[in-house]
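The next block holds one structure in the form of structure tokens; read it before the comments.
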Amino acid sequence: MSEKATIILDGKSYELPVFVGSEGEKAIDIAKLRDMSGYITLDFGYKNTGATTSAITFLDGEEGILRYRGYPIEQLAAKSSFIEVSYLLLNGELPNQRQLDEFQGNIRYHSLVHEDMKRFFEFFPNNAHPMGILSAMVNSLSTFYPKSQDPHRPSKDVERTIFRLIAKMPTLAAISYKNNLGHPYMYPDNKLGYVENFLHMMFGMPTEDYVVDKDVASALNTLLILHADHEQNCSASTVRMVGSSQANLYSAVSAGIAALWGPLHGGANQEVIEMLEAIRNDGSDLEKWVNKAKDKNDPFRLFGFGHRVYKNFDPRAQIIKKACDDVLKKMGVNDPVLDIARQLEEIALKDDYFIERKLYPNVDFYSGIIYRAIGIPTRMFTVMFALGRLPGWIAQWKEMVENKEPIGRPRQIYTGAVNRSYTAIKDRK
Ligand code: SDX
């Protein structure tokens, strides 16, 4: 017998269906609540509201569980590759060798960007933030591929758009980095793997051979896997919302990049390093900064701490924290901000303010330390997050389109002026 919820409003009781997911999560289906009772629900920031059902990623914030298509993140981070995880997120199953080779081949085929796009980069200001460039350039891809405007085109066109995005975003990211430096752009080298090709385009120079460091490639592969999807986070929900109007996938992803840029979301990884450096430059008085973070009158927050869903620990942060030691040792890097990060975590985790609010290090707290160790500049950290999250965004968009979900249009409760008549300006005070 399917479960029901009974709600009593103005003395009348209403029965609403209960939806139960494959992991036993339960939701009250309120689709008919307004028709039945005239009531809607209100939930700022959708803290307790499900916008959809999804078979892509499962996370349990209390238990610190994160699985992509049922596979634990710990296993994927240790054994898989970012390209294989991208295939898994998009198709629901791990690929066999033929499928993986074909997927990789399709992505390599589209790794170049149109030569005309390079002129756009010349007109961005020298100090343009790479996230602003990336969002603009990804959206401009839609102007080069007009067929992509209709998400319901034959699946081959949609598939090609997906390959183009996954193939071209690293190329665009690397060009934005080279453009910032005033260095010549590097063309993709399709003999290389996805991560290795990105490193080649970022750090290679036309004047010399660039040898990809396998430890750097391995660390980046792990970080991209850990960022690949995270169910209905702010940027993924943005991609679904924009895609729900049947805007093209390039524009939906461009909107996702914009949402990710915010310091409360993906922009936090840049904020963390800048915060750690500010603490170090201020004499490493950790107590002072922890007290600032606790002070209601101080806008300062401990970036990299807290999470909407994880209330015990972020499993990704645990993996990245462990990887920090390993990568820095292999790279022969001794980064003083890592010690500050560790001490900050230790102090915060013993402090009632953080314990009561269940604030723990999130995915952004340690990731920047690894990015820094492998040579990624701080302003590119959120671009790295976007590169990792891209397959997740696309998988979320694809699921929304395939499930023929309706255009997103939340309701509101009006709190403004009630009905009144227009007055001539001469009669106003
Ligand atoms: C990501 O959603 C996802 O899945 C996101 C993400 C993904 O993979 O897509 O995991 C990636 O965005 C990680 C989060 C990165 N952001 C930061 O590190 C920025 C710092 N963290 C916070 O801004 C905050 O913790 C959020 C935004 C992450 C979560 O905010 P919520 O769930 O809206 O919680 P809240 O702001 O209402 O905070 C609850 C309380 C408040 O105190 P009270 O009003 O109850 O007294 O905790 C306090 C907050 O002031 N608080 C913090 C804090 N985070 C929350 N106080 C100090 N420092 C912090 N970092």
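Each chain in the structure tokens gets a letter, A, B and so on, in the order shown; residues start at 1 in every chain, and ligands are counted from 1 in the order they appear.
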
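All residues of protein, DNA or RNA that reach within 12 Å of region 283-285 of chain A, judged by only C-alpha atoms and not counting those fewer than 2 positions away in the chain, are Met275, Leu276, Glu277, Ala278, Ile279, Arg280, Asn281, Glu287, Lys288, Trp289, Val290, Asn291, Lys292, Pro336, Val337, Asp339, Ile340, Ala341, Gln343, Leu344 and Ile347 of chain A.
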
Subject >> Within 8 Å of ligand 1, counting only C-alpha atoms and all ligand atoms, residues as an MDAnalysis selection string >> reply: chainID A and resid 45 47 227 229:236 260 263:269 272 293:294 296 300:309 354 357:359 361:365

Go ahead and save the residues from that selection, with C-alpha atoms, as a PDB file, in the first residue's frame.
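The result, written out as selection-v6.pdb:
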ATOM      1  CA  GLY A  45      16.896  28.245  -0.380  1.00  0.00           C
ATOM      2  CA  LYS A  47      16.646  23.635   2.283  1.00  0.00           C
ATOM      3  CA  HIS A 227      34.031  17.315  -8.186  1.00  0.00           C
ATOM      4  CA  ASP A 229      28.633  15.699  -9.541  1.00  0.00           C
ATOM      5  CA  HIS A 230      26.843  16.512  -6.324  1.00  0.00           C
ATOM      6  CA  GLU A 231      23.069  16.098  -6.969  1.00  0.00           C
ATOM      7  CA  GLN A 232      20.958  19.289  -6.777  1.00  0.00           C
ATOM      8  CA  ASN A 233      23.590  21.833  -5.664  1.00  0.00           C
ATOM      9  CA  CYS A 234      23.192  25.489  -6.609  1.00  0.00           C
ATOM     10  CA  SER A 235      24.919  25.271 -10.011  1.00  0.00           C
ATOM     11  CA  ALA A 236      23.388  21.922 -11.036  1.00  0.00           C
ATOM     12  CA  LEU A 260      29.412  28.091  -9.349  1.00  0.00           C
ATOM     13  CA  PRO A 263      32.080  32.458  -2.989  1.00  0.00           C
ATOM     14  CA  LEU A 264      29.423  30.472  -1.100  1.00  0.00           C
ATOM     15  CA  HIS A 265      29.617  27.741  -3.770  1.00  0.00           C
ATOM     16  CA  GLY A 266      32.510  26.826  -6.066  1.00  0.00           C
ATOM     17  CA  GLY A 267      34.213  30.193  -5.602  1.00  0.00           C
ATOM     18  CA  ALA A 268      34.991  29.064  -2.035  1.00  0.00           C
ATOM     19  CA  ASN A 269      38.137  27.192  -3.124  1.00  0.00           C
ATOM     20  CA  VAL A 272      39.978  29.471   1.157  1.00  0.00           C
ATOM     21  CA  ALA A 293      34.004  33.725  11.820  1.00  0.00           C
ATOM     22  CA  LYS A 294      31.788  33.270  14.910  1.00  0.00           C
ATOM     23  CA  LYS A 296      27.523  37.722  14.004  1.00  0.00           C
ATOM     24  CA  PHE A 300      33.836  37.044   7.659  1.00  0.00           C
ATOM     25  CA  ARG A 301      33.089  33.321   7.301  1.00  0.00           C
ATOM     26  CA  LEU A 302      35.493  30.425   7.552  1.00  0.00           C
ATOM     27  CA  PHE A 303      35.575  29.573   3.849  1.00  0.00           C
ATOM     28  CA  GLY A 304      35.760  25.864   3.125  1.00  0.00           C
ATOM     29  CA  PHE A 305      33.691  25.133   6.230  1.00  0.00           C
ATOM     30  CA  GLY A 306      30.036  24.169   6.436  1.00  0.00           C
ATOM     31  CA  HIS A 307      27.716  22.488   3.985  1.00  0.00           C
ATOM     32  CA  ARG A 308      24.014  22.483   3.259  1.00  0.00           C
ATOM     33  CA  VAL A 309      23.859  18.691   3.299  1.00  0.00           C
ATOM     34  CA  PHE A 354      31.091  24.933  14.852  1.00  0.00           C
ATOM     35  CA  ARG A 357      26.078  24.172  13.759  1.00  0.00           C
ATOM     36  CA  LYS A 358      27.647  20.967  12.411  1.00  0.00           C
ATOM     37  CA  LEU A 359      30.257  22.865  10.424  1.00  0.00           C
ATOM     38  CA  PRO A 361      35.609  21.131   6.248  1.00  0.00           C
ATOM     39  CA  ASN A 362      33.961  20.790   2.845  1.00  0.00           C
ATOM     40  CA  VAL A 363      35.358  19.872  -0.571  1.00  0.00           C
ATOM     41  CA  ASP A 364      36.847  23.365  -0.973  1.00  0.00           C
ATOM     42  CA  PHE A 365      38.876  23.466   2.230  1.00  0.00           C
TER      43      PHE A 365
END

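Atom to atom, CA of Leu141 (chain A) and CA of Leu181 (chain A) stand 23.3 Å apart.
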
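The environment of Pro17 (chain A) within 9 Å, counting only C-alpha atoms and disregarding residues fewer than 4 places along the same chain, consists of Ser2, Glu3, Lys4, Ala5, Thr6, Ala27, Ile28, Asp29 and Ile30 of chain A.
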
Expected file: the selected residues, C-alpha atoms, as a short mmCIF file (atom, residue, chain, number, x, y, z; two decimals), in the first residue's frame:
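out31.cif, written as the output of this step:
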data_model
loop_
_atom_site.label_atom_id
_atom_site.label_comp_id
_atom_site.auth_asym_id
_atom_site.auth_seq_id
_atom_site.Cartn_x
_atom_site.Cartn_y
_atom_site.Cartn_z
CA SER A 2 1.56 3.33 -1.01
CA GLU A 3 2.27 5.66 1.92
CA LYS A 4 0.21 8.79 2.47
CA ALA A 5 0.71 11.99 4.47
CA THR A 6 -2.26 13.72 6.09
CA ALA A 27 9.08 13.06 0.25
CA ILE A 28 5.57 14.40 0.51
CA ASP A 29 4.37 14.97 -3.06
CA ILE A 30 2.69 18.42 -2.86
#

**OP:** Find the spatial neighbours of Asn403 (chain A), counting only C-alpha atoms, within a cut-off of 10 Å - ignore same-chain residues fewer than 5 positions away - and output them as a PyMOL selection string.
**Re:** chain A and resi 53-54+397-398

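Distance annotation: of A:Leu88, A:Val216, A:Val113, A:Leu223, the residue with the minimal separation from Ile175 (chain A) is A:Val113; atom set is only C-alpha atoms.
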
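Proximity to Asn179 (chain A) was assessed for A:Pro154, A:Gly193, A:Pro125, A:Gly92 counting only C-alpha atoms; the smallest distance is recorded for A:Pro125.
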
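Within 9 Å of region 381-388 of chain A there are Phe82, Pro130, Met131, Leu134, Ile166, Met169, Pro170, Ala173, Leu223, Leu224, Ile225, Leu226, His227, Ala228, Asp229, Gly256, Ile257, Leu260, Trp261, Gly266, Gly267, Ala268, Asn269, Gln270, Ser367, Gly368, Tyr371, Arg372 and Ile376 of chain A, counting only C-alpha atoms and ignoring same-chain residues fewer than 5 positions away.
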
Writing out the chosen residues with N, CA and C atoms as a short mmCIF file (atom, residue, chain, number, x, y, z; two decimals), in the first residue's frame:
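Printed below is result-v4.cif as written:
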data_model
loop_
_atom_site.label_atom_id
_atom_site.label_comp_id
_atom_site.auth_asym_id
_atom_site.auth_seq_id
_atom_site.Cartn_x
_atom_site.Cartn_y
_atom_site.Cartn_z
N PHE A 82 38.82 10.23 -14.78
CA PHE A 82 37.78 11.25 -14.90
C PHE A 82 36.93 10.99 -16.15
N PRO A 130 39.08 34.40 -14.91
CA PRO A 130 38.85 33.30 -15.85
C PRO A 130 37.45 32.70 -15.80
N MET A 131 36.74 32.84 -14.66
CA MET A 131 35.36 32.31 -14.62
C MET A 131 34.43 33.19 -15.46
N LEU A 134 35.24 32.13 -18.99
CA LEU A 134 34.75 30.77 -19.31
C LEU A 134 33.24 30.78 -19.54
N ILE A 166 32.44 18.77 -23.39
CA ILE A 166 33.46 18.10 -22.57
C ILE A 166 34.83 18.25 -23.21
N MET A 169 35.81 22.60 -23.23
CA MET A 169 35.93 23.41 -22.01
C MET A 169 37.36 23.45 -21.49
N PRO A 170 38.10 22.31 -21.47
CA PRO A 170 39.50 22.41 -21.04
C PRO A 170 40.32 23.31 -21.97
N ALA A 173 39.48 26.84 -21.13
CA ALA A 173 40.05 27.19 -19.82
C ALA A 173 41.54 27.48 -19.95
N LEU A 223 41.06 14.88 -8.28
CA LEU A 223 40.27 16.08 -7.93
C LEU A 223 39.09 16.26 -8.88
N LEU A 224 39.28 16.01 -10.16
CA LEU A 224 38.17 16.16 -11.11
C LEU A 224 37.08 15.13 -10.82
N ILE A 225 37.47 13.91 -10.48
CA ILE A 225 36.47 12.88 -10.14
C ILE A 225 35.66 13.32 -8.92
N LEU A 226 36.36 13.85 -7.91
CA LEU A 226 35.68 14.23 -6.67
C LEU A 226 34.70 15.38 -6.86
N HIS A 227 34.90 16.16 -7.93
CA HIS A 227 34.03 17.32 -8.19
C HIS A 227 32.95 17.03 -9.23
N ALA A 228 32.91 15.79 -9.76
CA ALA A 228 32.15 15.52 -10.99
C ALA A 228 30.65 15.71 -10.87
N ASP A 229 30.06 15.41 -9.72
CA ASP A 229 28.63 15.70 -9.54
C ASP A 229 28.31 15.77 -8.05
N GLY A 256 25.39 27.63 -15.28
CA GLY A 256 25.94 26.83 -14.18
C GLY A 256 27.30 27.34 -13.74
N ILE A 257 28.12 27.74 -14.73
CA ILE A 257 29.46 28.29 -14.41
C ILE A 257 29.30 29.58 -13.60
N LEU A 260 28.29 28.72 -10.08
CA LEU A 260 29.41 28.09 -9.35
C LEU A 260 30.41 29.15 -8.87
N TRP A 261 30.53 30.24 -9.58
CA TRP A 261 31.53 31.28 -9.31
C TRP A 261 31.33 31.91 -7.93
N GLY A 266 31.20 27.25 -5.56
CA GLY A 266 32.51 26.83 -6.07
C GLY A 266 33.59 27.87 -5.89
N GLY A 267 33.20 29.13 -5.77
CA GLY A 267 34.21 30.19 -5.60
C GLY A 267 34.92 30.08 -4.26
N ALA A 268 34.40 29.20 -3.38
CA ALA A 268 34.99 29.06 -2.04
C ALA A 268 36.42 28.56 -2.10
N ASN A 269 36.77 27.75 -3.13
CA ASN A 269 38.14 27.19 -3.12
C ASN A 269 39.18 28.29 -3.31
N GLN A 270 38.83 29.33 -4.09
CA GLN A 270 39.74 30.47 -4.20
C GLN A 270 39.76 31.27 -2.90
N SER A 367 41.19 21.52 -1.27
CA SER A 367 41.47 21.29 -2.71
C SER A 367 42.46 22.32 -3.26
N GLY A 368 42.32 23.58 -2.80
CA GLY A 368 43.20 24.63 -3.33
C GLY A 368 44.66 24.37 -3.04
N TYR A 371 45.77 22.09 -5.81
CA TYR A 371 45.86 22.84 -7.08
C TYR A 371 47.13 23.69 -7.09
N ARG A 372 47.40 24.33 -5.95
CA ARG A 372 48.58 25.22 -5.86
C ARG A 372 49.86 24.41 -6.05
N ILE A 376 48.53 25.24 -10.48
CA ILE A 376 47.33 25.95 -10.94
C ILE A 376 47.24 27.28 -10.17
#
